[in-house]
Amino acid sequence: MFRSHVLICGGTGCHASGSDGIIDALTKEINKEGLEKEVGVVKTGCFGLCALGPIMVVYPEGSFYSAVKEGDIPEIVSEHLLKGRVVKRLLYRETVTEDGVKSLNNTAFYKKQKRVALRNCGVINPECIDEYIGEDGYQALGKVLTEMSPEQVIKIILDSGLRGRGGAGFPTGRKWDLARKLVPDADQKYVCCNADEGDPGAFMDRSVLEGDPHVVIEAMAIAGYAIGASQGYIYVRAEYPIAVKRLRIAIGQAREYGLLGKDIFGSGFNFDLDIRLGAGAFVCGEETALMVSIEGNRGEPRPRPPFPAEKGLFGKPTILNNVETYANVPQIILKGAEWFASMGTEKSKGTKVFALGGKINNTGLVEVPMGTTMREVVYEIGGGIPGGKKFKAAQTGGPSGGCISAENLDIPIDYDNLTAIGSMMGSGGLIVMDEDNCMVDMAKFFLEFTVDESCGKCTPCRIGTRRLYEKLEKITSGNGEMKDLDEIQTLCGYIKNNSLCGLGQTAPNPVLSMLANFREEYVQHVRDKKCAAKVCTKLFKYSIIEEKCKGCTACARVCPVQAISGAVKEKHVIDSNKCIKCGACVEKCKFGAIVKG
Amino acid sequence: MKSLAELQAIKEKMQGQVNLRDNDKSVRVVVGMATCGIAAGARPVLQAFSDLVQKNGLNDVSVTQTGCIGLCQYEPIVEITRPGEEKITYINMDADKAKEVVEQHLMRGVVVADYTINSSGMAK
């Protein structure tokens, strides 16, 4: 048995910052010191603090090392693992206080978090089913199959108030109930998992699959029992190779243990799972398109009704839930509906995972109770905005959602509050924007994504989003007219009302909410031909402040289009007709002589 | 696996091990692992405490290391702190004594007086 466990994050974030190399170096060093029988090295899922990866945590002390380098390993092994002397200089600085080392749970990043869906991420080895079982894994499935009727399972999910974490927030229990009852004589039903996480900036589903794949398998088996299905499919994008690999391993282990397959726990209940890989089309996250894609056809949505609960995959009653939704289910079964309903707000129970990105210090993954304010998420947990810049807005729900402006920072986050202010919960991507972001440009960015990802089946979405994009481009290039703003509004309404699926129905949301919250900025672009954030390149130019220029020629030499002229030790000038506004000269100038204006 | 009992067995086997990763525990066993401690044989003592705590499912006990406390001639030294009780310091420990201390002190609450620092006469 090991006296000490070294946990190293093997999630995509830390993997990218080199955790595999750290694991190799650590194993080698541990062997060198002869500690291989005393210290266990465990590759886990995501800890959440991706900005400071690679992350390493040493137990029993719970020492949290951040941004670990291979060169640090010998010191950690010889000092900490051998002699028990924590290497303070490598600890996450938030955990180091004047009077010693404080627990990770008391740091600003973790203090207000409540980990339900992510409870095992960064705690267990996701490739080891025994560790999952050691953390109460498959207990809920056992309880359901031996003590509860399907109706009781549905009732507890209903009572818990769990709503879909994929974005729309449909009550999960009601979905299961419909699938159980709508077609009483169905010969086959299906349970599907939506792991086609496509929003730019969202990665919570990936982290759950990478850090705790068994929780999804267990929850899907529970759902199968509740609605009367014997087969499930996990639809996951091929761009998530680590998640796919761990899911495959997990499904294999569950089958070997008889937790998937025939007659589970001797109850007579059969359930098995397969993975279907998506090619990365955003529209395949829409439920009907996803099912069409599983069937082997081109991923395009179809009209509803009939809803999947009645006629879904292969024409059979089907439920589709998101990864994070499933990750809550086993604990609701074990701890009860009241426990879950005690967290959150009146109509939004439990917690929500957010992927923090954009202009924020602690880029990463956080899970907070519903009802936490955006201010707490951005300033306390997220550590605020880099460089002391001012918060401008936060985009939730990615290209389907809207923005939250500074005056709404104190609104408790839940499904209904976000909808009321013209945004949406979405899957949980949270992109923070500061004063350097232009809201016309951001709207254009999200729209460019939907233009690209529209499947093309229906005209309002295929052509409407393209026309909308062109309007925004007209504004950012300085050719906008005031009537364009009204036309944008009309066109948005048209696309929303006439598109077949959620992709088109929500595509105008970023434009609408940014226009509503930052109309002045749009007007400024159109009327004054000015971009205050200096992002829209056609609306500002670079110039050299004469008094500051020393004539060092550094800017002229770095300019890729020879737009800067001037002799040595003489004032330089930028020819704005030639300038392509790449900004290379600004970075090069040591005297701060080049400004945007 | 055909029964809940089998699942339970795996859970219990794993719990002691996974429990190592929970650092919110009230009973602390601290083993001196400075150069003096290691030279005197503290590593097998630490390992013995760790193994026995996990094997016996003592989920409220953490086993950690510390540096030199300045009593090098008494190493290996082990300190045990239980909530609401005074710290007990064991000296000249080895793996067999560790087993006795786990069984008596940690599991039954009885201090093994013969191994404590008070027994050496030094404290007087």
# chains A, B, ... in the order shown; residues from 1 in each chain; ligands from 1
call {"tool": "closest_atom_pairs", "arguments": {"of": "chain B", "to": "chain A", "cutoff": "10 Å", "atoms": "only C-alpha atoms", "output": "JSON lines"}}
result
{"residue": "B:Met1", "atom": "CA", "partner": "A:Tyr257", "partner_atom": "CA", "distance": 5.2}
{"residue": "B:Lys2", "atom": "CA", "partner": "A:Phe265", "partner_atom": "CA", "distance": 4.7}
{"residue": "B:Ser3", "atom": "CA", "partner": "A:Phe265", "partner_atom": "CA", "distance": 4.9}
{"residue": "B:Leu4", "atom": "CA", "partner": "A:Gly142", "partner_atom": "CA", "distance": 6.4}
{"residue": "B:Ala5", "atom": "CA", "partner": "A:Phe265", "partner_atom": "CA", "distance": 9.7}
{"residue": "B:Glu6", "atom": "CA", "partner": "A:Phe265", "partner_atom": "CA", "distance": 9.6}
{"residue": "B:Leu7", "atom": "CA", "partner": "A:Ile133", "partner_atom": "CA", "distance": 7.5}
{"residue": "B:Gln8", "atom": "CA", "partner": "A:Gln139", "partner_atom": "CA", "distance": 8.3}
{"residue": "B:Ala9", "atom": "CA", "partner": "A:Gly134", "partner_atom": "CA", "distance": 9.6}
{"residue": "B:Ile10", "atom": "CA", "partner": "A:Asp130", "partner_atom": "CA", "distance": 6.7}
{"residue": "B:Lys11", "atom": "CA", "partner": "A:Gly134", "partner_atom": "CA", "distance": 4.3}
{"residue": "B:Glu12", "atom": "CA", "partner": "A:Gly134", "partner_atom": "CA", "distance": 6.8}
{"residue": "B:Lys13", "atom": "CA", "partner": "A:Gly134", "partner_atom": "CA", "distance": 7.5}
{"residue": "B:Met14", "atom": "CA", "partner": "A:Gly134", "partner_atom": "CA", "distance": 4.7}
{"residue": "B:Gln15", "atom": "CA", "partner": "A:Gly134", "partner_atom": "CA", "distance": 4.8}
{"residue": "B:Gly16", "atom": "CA", "partner": "A:Gly134", "partner_atom": "CA", "distance": 8.3}
{"residue": "B:Gln17", "atom": "CA", "partner": "A:Met1", "partner_atom": "CA", "distance": 7.7}
{"residue": "B:Val18", "atom": "CA", "partner": "A:Gly134", "partner_atom": "CA", "distance": 6.5}
{"residue": "B:Asn19", "atom": "CA", "partner": "A:Gly134", "partner_atom": "CA", "distance": 8.6}
{"residue": "B:Leu20", "atom": "CA", "partner": "A:Pro60", "partner_atom": "CA", "distance": 5.6}
{"residue": "B:Arg21", "atom": "CA", "partner": "A:Tyr59", "partner_atom": "CA", "distance": 5.5}
{"residue": "B:Asp22", "atom": "CA", "partner": "A:Pro60", "partner_atom": "CA", "distance": 7.2}
{"residue": "B:Asn23", "atom": "CA", "partner": "A:Gly62", "partner_atom": "CA", "distance": 6.1}
{"residue": "B:Asp24", "atom": "CA", "partner": "A:Ser103", "partner_atom": "CA", "distance": 9.1}
{"residue": "B:Lys25", "atom": "CA", "partner": "A:Pro60", "partner_atom": "CA", "distance": 10.0}
{"residue": "B:Val30", "atom": "CA", "partner": "A:Gly84", "partner_atom": "CA", "distance": 9.9}
{"residue": "B:Val31", "atom": "CA", "partner": "A:Gly84", "partner_atom": "CA", "distance": 9.0}
{"residue": "B:Gly32", "atom": "CA", "partner": "A:Lys83", "partner_atom": "CA", "distance": 8.3}
{"residue": "B:Met33", "atom": "CA", "partner": "A:Lys83", "partner_atom": "CA", "distance": 5.0}
{"residue": "B:Ala34", "atom": "CA", "partner": "A:Lys83", "partner_atom": "CA", "distance": 5.5}
{"residue": "B:Thr35", "atom": "CA", "partner": "A:Lys83", "partner_atom": "CA", "distance": 7.6}
{"residue": "B:Gly37", "atom": "CA", "partner": "A:Lys83", "partner_atom": "CA", "distance": 9.1}
{"residue": "B:Ile38", "atom": "CA", "partner": "A:Lys83", "partner_atom": "CA", "distance": 8.1}
{"residue": "B:Arg43", "atom": "CA", "partner": "A:Leu82", "partner_atom": "CA", "distance": 8.7}
{"residue": "B:Pro44", "atom": "CA", "partner": "A:Glu38", "partner_atom": "CA", "distance": 9.6}
{"residue": "B:Leu46", "atom": "CA", "partner": "A:Arg3", "partner_atom": "CA", "distance": 7.6}
{"residue": "B:Gln47", "atom": "CA", "partner": "A:Arg3", "partner_atom": "CA", "distance": 6.0}
{"residue": "B:Ala48", "atom": "CA", "partner": "A:Arg3", "partner_atom": "CA", "distance": 8.8}
{"residue": "B:Phe49", "atom": "CA", "partner": "A:Arg3", "partner_atom": "CA", "distance": 8.4}
{"residue": "B:Ser50", "atom": "CA", "partner": "A:Arg3", "partner_atom": "CA", "distance": 5.0}
{"residue": "B:Asp51", "atom": "CA", "partner": "A:Met1", "partner_atom": "CA", "distance": 5.6}
{"residue": "B:Leu52", "atom": "CA", "partner": "A:Met1", "partner_atom": "CA", "distance": 9.1}
{"residue": "B:Val53", "atom": "CA", "partner": "A:Arg3", "partner_atom": "CA", "distance": 9.6}
{"residue": "B:Gln54", "atom": "CA", "partner": "A:Met1", "partner_atom": "CA", "distance": 7.9}
{"residue": "B:Lys55", "atom": "CA", "partner": "A:Met1", "partner_atom": "CA", "distance": 8.6}
{"residue": "B:Ser62", "atom": "CA", "partner": "A:Pro60", "partner_atom": "CA", "distance": 6.6}
{"residue": "B:Val63", "atom": "CA", "partner": "A:Pro60", "partner_atom": "CA", "distance": 6.8}
{"residue": "B:Thr64", "atom": "CA", "partner": "A:Pro60", "partner_atom": "CA", "distance": 6.4}
{"residue": "B:Gln65", "atom": "CA", "partner": "A:Gly84", "partner_atom": "CA", "distance": 4.8}
{"residue": "B:Thr66", "atom": "CA", "partner": "A:Gly84", "partner_atom": "CA", "distance": 5.5}
{"residue": "B:Gly67", "atom": "CA", "partner": "A:Arg85", "partner_atom": "CA", "distance": 6.7}
{"residue": "B:Cys68", "atom": "CA", "partner": "A:Lys83", "partner_atom": "CA", "distance": 9.7}
call {"tool": "select_by_dssp", "arguments": {"residues": "segment 245-314 of chain A", "states": "helix (DSSP H, G or I)", "output": "tab-separated table (two decimals) with N, CA and C atoms, in the first residue's frame"}}
result
chain	number	residue	atom	x	y	z
A	245	LYS	N	-10.95	7.89	-25.44
A	245	LYS	CA	-10.12	6.77	-24.98
A	245	LYS	C	-10.56	6.32	-23.58
A	246	ARG	N	-10.76	7.28	-22.68
A	246	ARG	CA	-11.12	6.90	-21.30
A	246	ARG	C	-12.52	6.31	-21.23
A	247	LEU	N	-13.42	6.82	-22.09
A	247	LEU	CA	-14.76	6.24	-22.14
A	247	LEU	C	-14.69	4.78	-22.58
A	248	ARG	N	-13.88	4.52	-23.60
A	248	ARG	CA	-13.75	3.15	-24.10
A	248	ARG	C	-13.23	2.24	-23.00
A	249	ILE	N	-12.19	2.72	-22.28
A	249	ILE	CA	-11.63	1.92	-21.20
A	249	ILE	C	-12.71	1.66	-20.14
A	250	ALA	N	-13.45	2.73	-19.81
A	250	ALA	CA	-14.46	2.63	-18.75
A	250	ALA	C	-15.57	1.65	-19.15
A	251	ILE	N	-16.02	1.73	-20.39
A	251	ILE	CA	-17.09	0.82	-20.83
A	251	ILE	C	-16.58	-0.62	-20.77
A	252	GLY	N	-15.33	-0.83	-21.19
A	252	GLY	CA	-14.74	-2.17	-21.13
A	252	GLY	C	-14.70	-2.71	-19.71
A	253	GLN	N	-14.28	-1.85	-18.76
A	253	GLN	CA	-14.19	-2.28	-17.36
A	253	GLN	C	-15.58	-2.58	-16.79
A	254	ALA	N	-16.55	-1.73	-17.14
A	254	ALA	CA	-17.91	-1.92	-16.62
A	254	ALA	C	-18.49	-3.23	-17.14
A	255	ARG	N	-18.19	-3.55	-18.40
A	255	ARG	CA	-18.68	-4.83	-18.96
A	255	ARG	C	-18.03	-6.00	-18.24
A	256	GLU	N	-16.73	-5.86	-18.00
A	256	GLU	CA	-16.00	-6.95	-17.36
A	256	GLU	C	-16.55	-7.22	-15.95
A	282	PHE	N	-21.40	21.46	-35.42
A	282	PHE	CA	-22.10	22.08	-34.29
A	282	PHE	C	-23.57	21.66	-34.25
A	283	VAL	N	-24.18	21.53	-35.42
A	283	VAL	CA	-25.61	21.23	-35.48
A	283	VAL	C	-25.92	19.86	-34.87
A	284	CYS	N	-24.93	18.97	-34.83
A	284	CYS	CA	-25.16	17.64	-34.28
A	284	CYS	C	-25.34	17.66	-32.76
A	285	GLY	N	-25.17	18.80	-32.14
A	285	GLY	CA	-25.51	18.92	-30.73
A	285	GLY	C	-27.01	19.14	-30.54
A	287	GLU	N	-30.79	17.95	-30.74
A	287	GLU	CA	-31.14	16.56	-30.46
A	287	GLU	C	-31.56	15.73	-31.67
A	288	THR	N	-32.38	16.32	-32.56
A	288	THR	CA	-32.83	15.49	-33.68
A	288	THR	C	-31.68	15.24	-34.66
A	289	ALA	N	-30.83	16.26	-34.88
A	289	ALA	CA	-29.69	16.08	-35.78
A	289	ALA	C	-28.73	15.04	-35.22
A	290	LEU	N	-28.57	15.06	-33.88
A	290	LEU	CA	-27.67	14.10	-33.24
A	290	LEU	C	-28.15	12.67	-33.50
A	291	MET	N	-29.45	12.47	-33.36
A	291	MET	CA	-29.97	11.11	-33.55
A	291	MET	C	-29.86	10.67	-35.00
A	292	VAL	N	-30.13	11.61	-35.91
A	292	VAL	CA	-29.98	11.30	-37.33
A	292	VAL	C	-28.53	10.89	-37.62
A	293	SER	N	-27.61	11.58	-36.97
A	293	SER	CA	-26.19	11.28	-37.17
A	293	SER	C	-25.84	9.90	-36.60
A	294	ILE	N	-26.39	9.55	-35.43
A	294	ILE	CA	-26.15	8.21	-34.87
A	294	ILE	C	-26.66	7.14	-35.82
A	313	LEU	N	-34.49	8.00	-31.77
A	313	LEU	CA	-33.50	7.23	-32.50
A	313	LEU	C	-34.14	5.98	-33.14
A	314	PHE	N	-33.86	5.77	-34.41
A	314	PHE	CA	-34.43	4.65	-35.17
A	314	PHE	C	-35.95	4.58	-35.01
call {"tool": "closest_residue", "arguments": {"among": "A:Ser423, A:Thr553, A:Ser207, A:Ser405", "to": "Asn517 of chain A", "atoms": "only C-alpha atoms"}}
result
A:Ser405
call {"tool": "select_by_dssp", "arguments": {"residues": "segment 418-518 of chain A", "states": "strand (DSSP E)", "output": "ChimeraX atom specification"}}
result
/A:429-434
call {"tool": "closest_residue", "arguments": {"among": "A:Gly261, A:Gly268, A:Gly122, A:Gly312", "to": "Val191 of chain A", "atoms": "only C-alpha atoms"}}
result
A:Gly312
call {"tool": "residues_around", "arguments": {"residues": "segment 534-546 of chain A", "least_positions_apart": "2", "cutoff": "8 Å", "atoms": "only C-alpha atoms", "output": "list in words"}}
result
Asp436, Asn437, Cys438, Asp441, Thr476, Ser477, Gly478, His525, Lys529, Lys530, Cys531, Ala532, Lys548, Cys549, Lys571, His572, Val573, Ile574, Ser576, Lys581, Ala593, Ile594, Val595, Lys596 and Gly597 of chain A
call {"tool": "closest_residue", "arguments": {"among": "B:Gly41, B:Pro76, B:Gly109, B:Gly57", "to": "Thr89 of chain B", "atoms": "only C-alpha atoms"}}
result
B:Pro76
call {"tool": "closest_residue", "arguments": {"among": "A:Thr490, A:Ser342, A:Asn105, A:Ser66", "to": "Ser19 of chain A", "atoms": "only C-alpha atoms"}}
result
A:Ser66
call {"tool": "atom_distance", "arguments": {"atom1": "atom CA of Ala202 of chain A", "atom2": "atom CA of Gly357 of chain A"}}
result
8.5 Å
call {"tool": "atom_distance", "arguments": {"atom1": "atom CA of Val366 of chain A", "atom2": "atom CA of Ile222 of chain A"}}
result
26.2 Å
call {"tool": "atom_distance", "arguments": {"atom1": "atom CA of Val78 of chain B", "atom2": "atom CA of Arg108 of chain B"}}
result
17.7 Å
call {"tool": "closest_residue", "arguments": {"among": "A:Ile404, A:Ala533, A:Ile411, A:Leu365", "to": "Met424 of chain A", "atoms": "only C-alpha atoms"}}
result
A:Ile404
call {"tool": "residues_around", "arguments": {"residues": "Ser427 of chain A", "least_positions_apart": "3", "cutoff": "9 Å", "atoms": "only C-alpha atoms", "output": "JSON, numbers by chain"}}
result
{"A": [165, 166, 167, 168, 197, 199, 202, 204, 205, 322, 324, 353, 354, 396, 397, 398]}
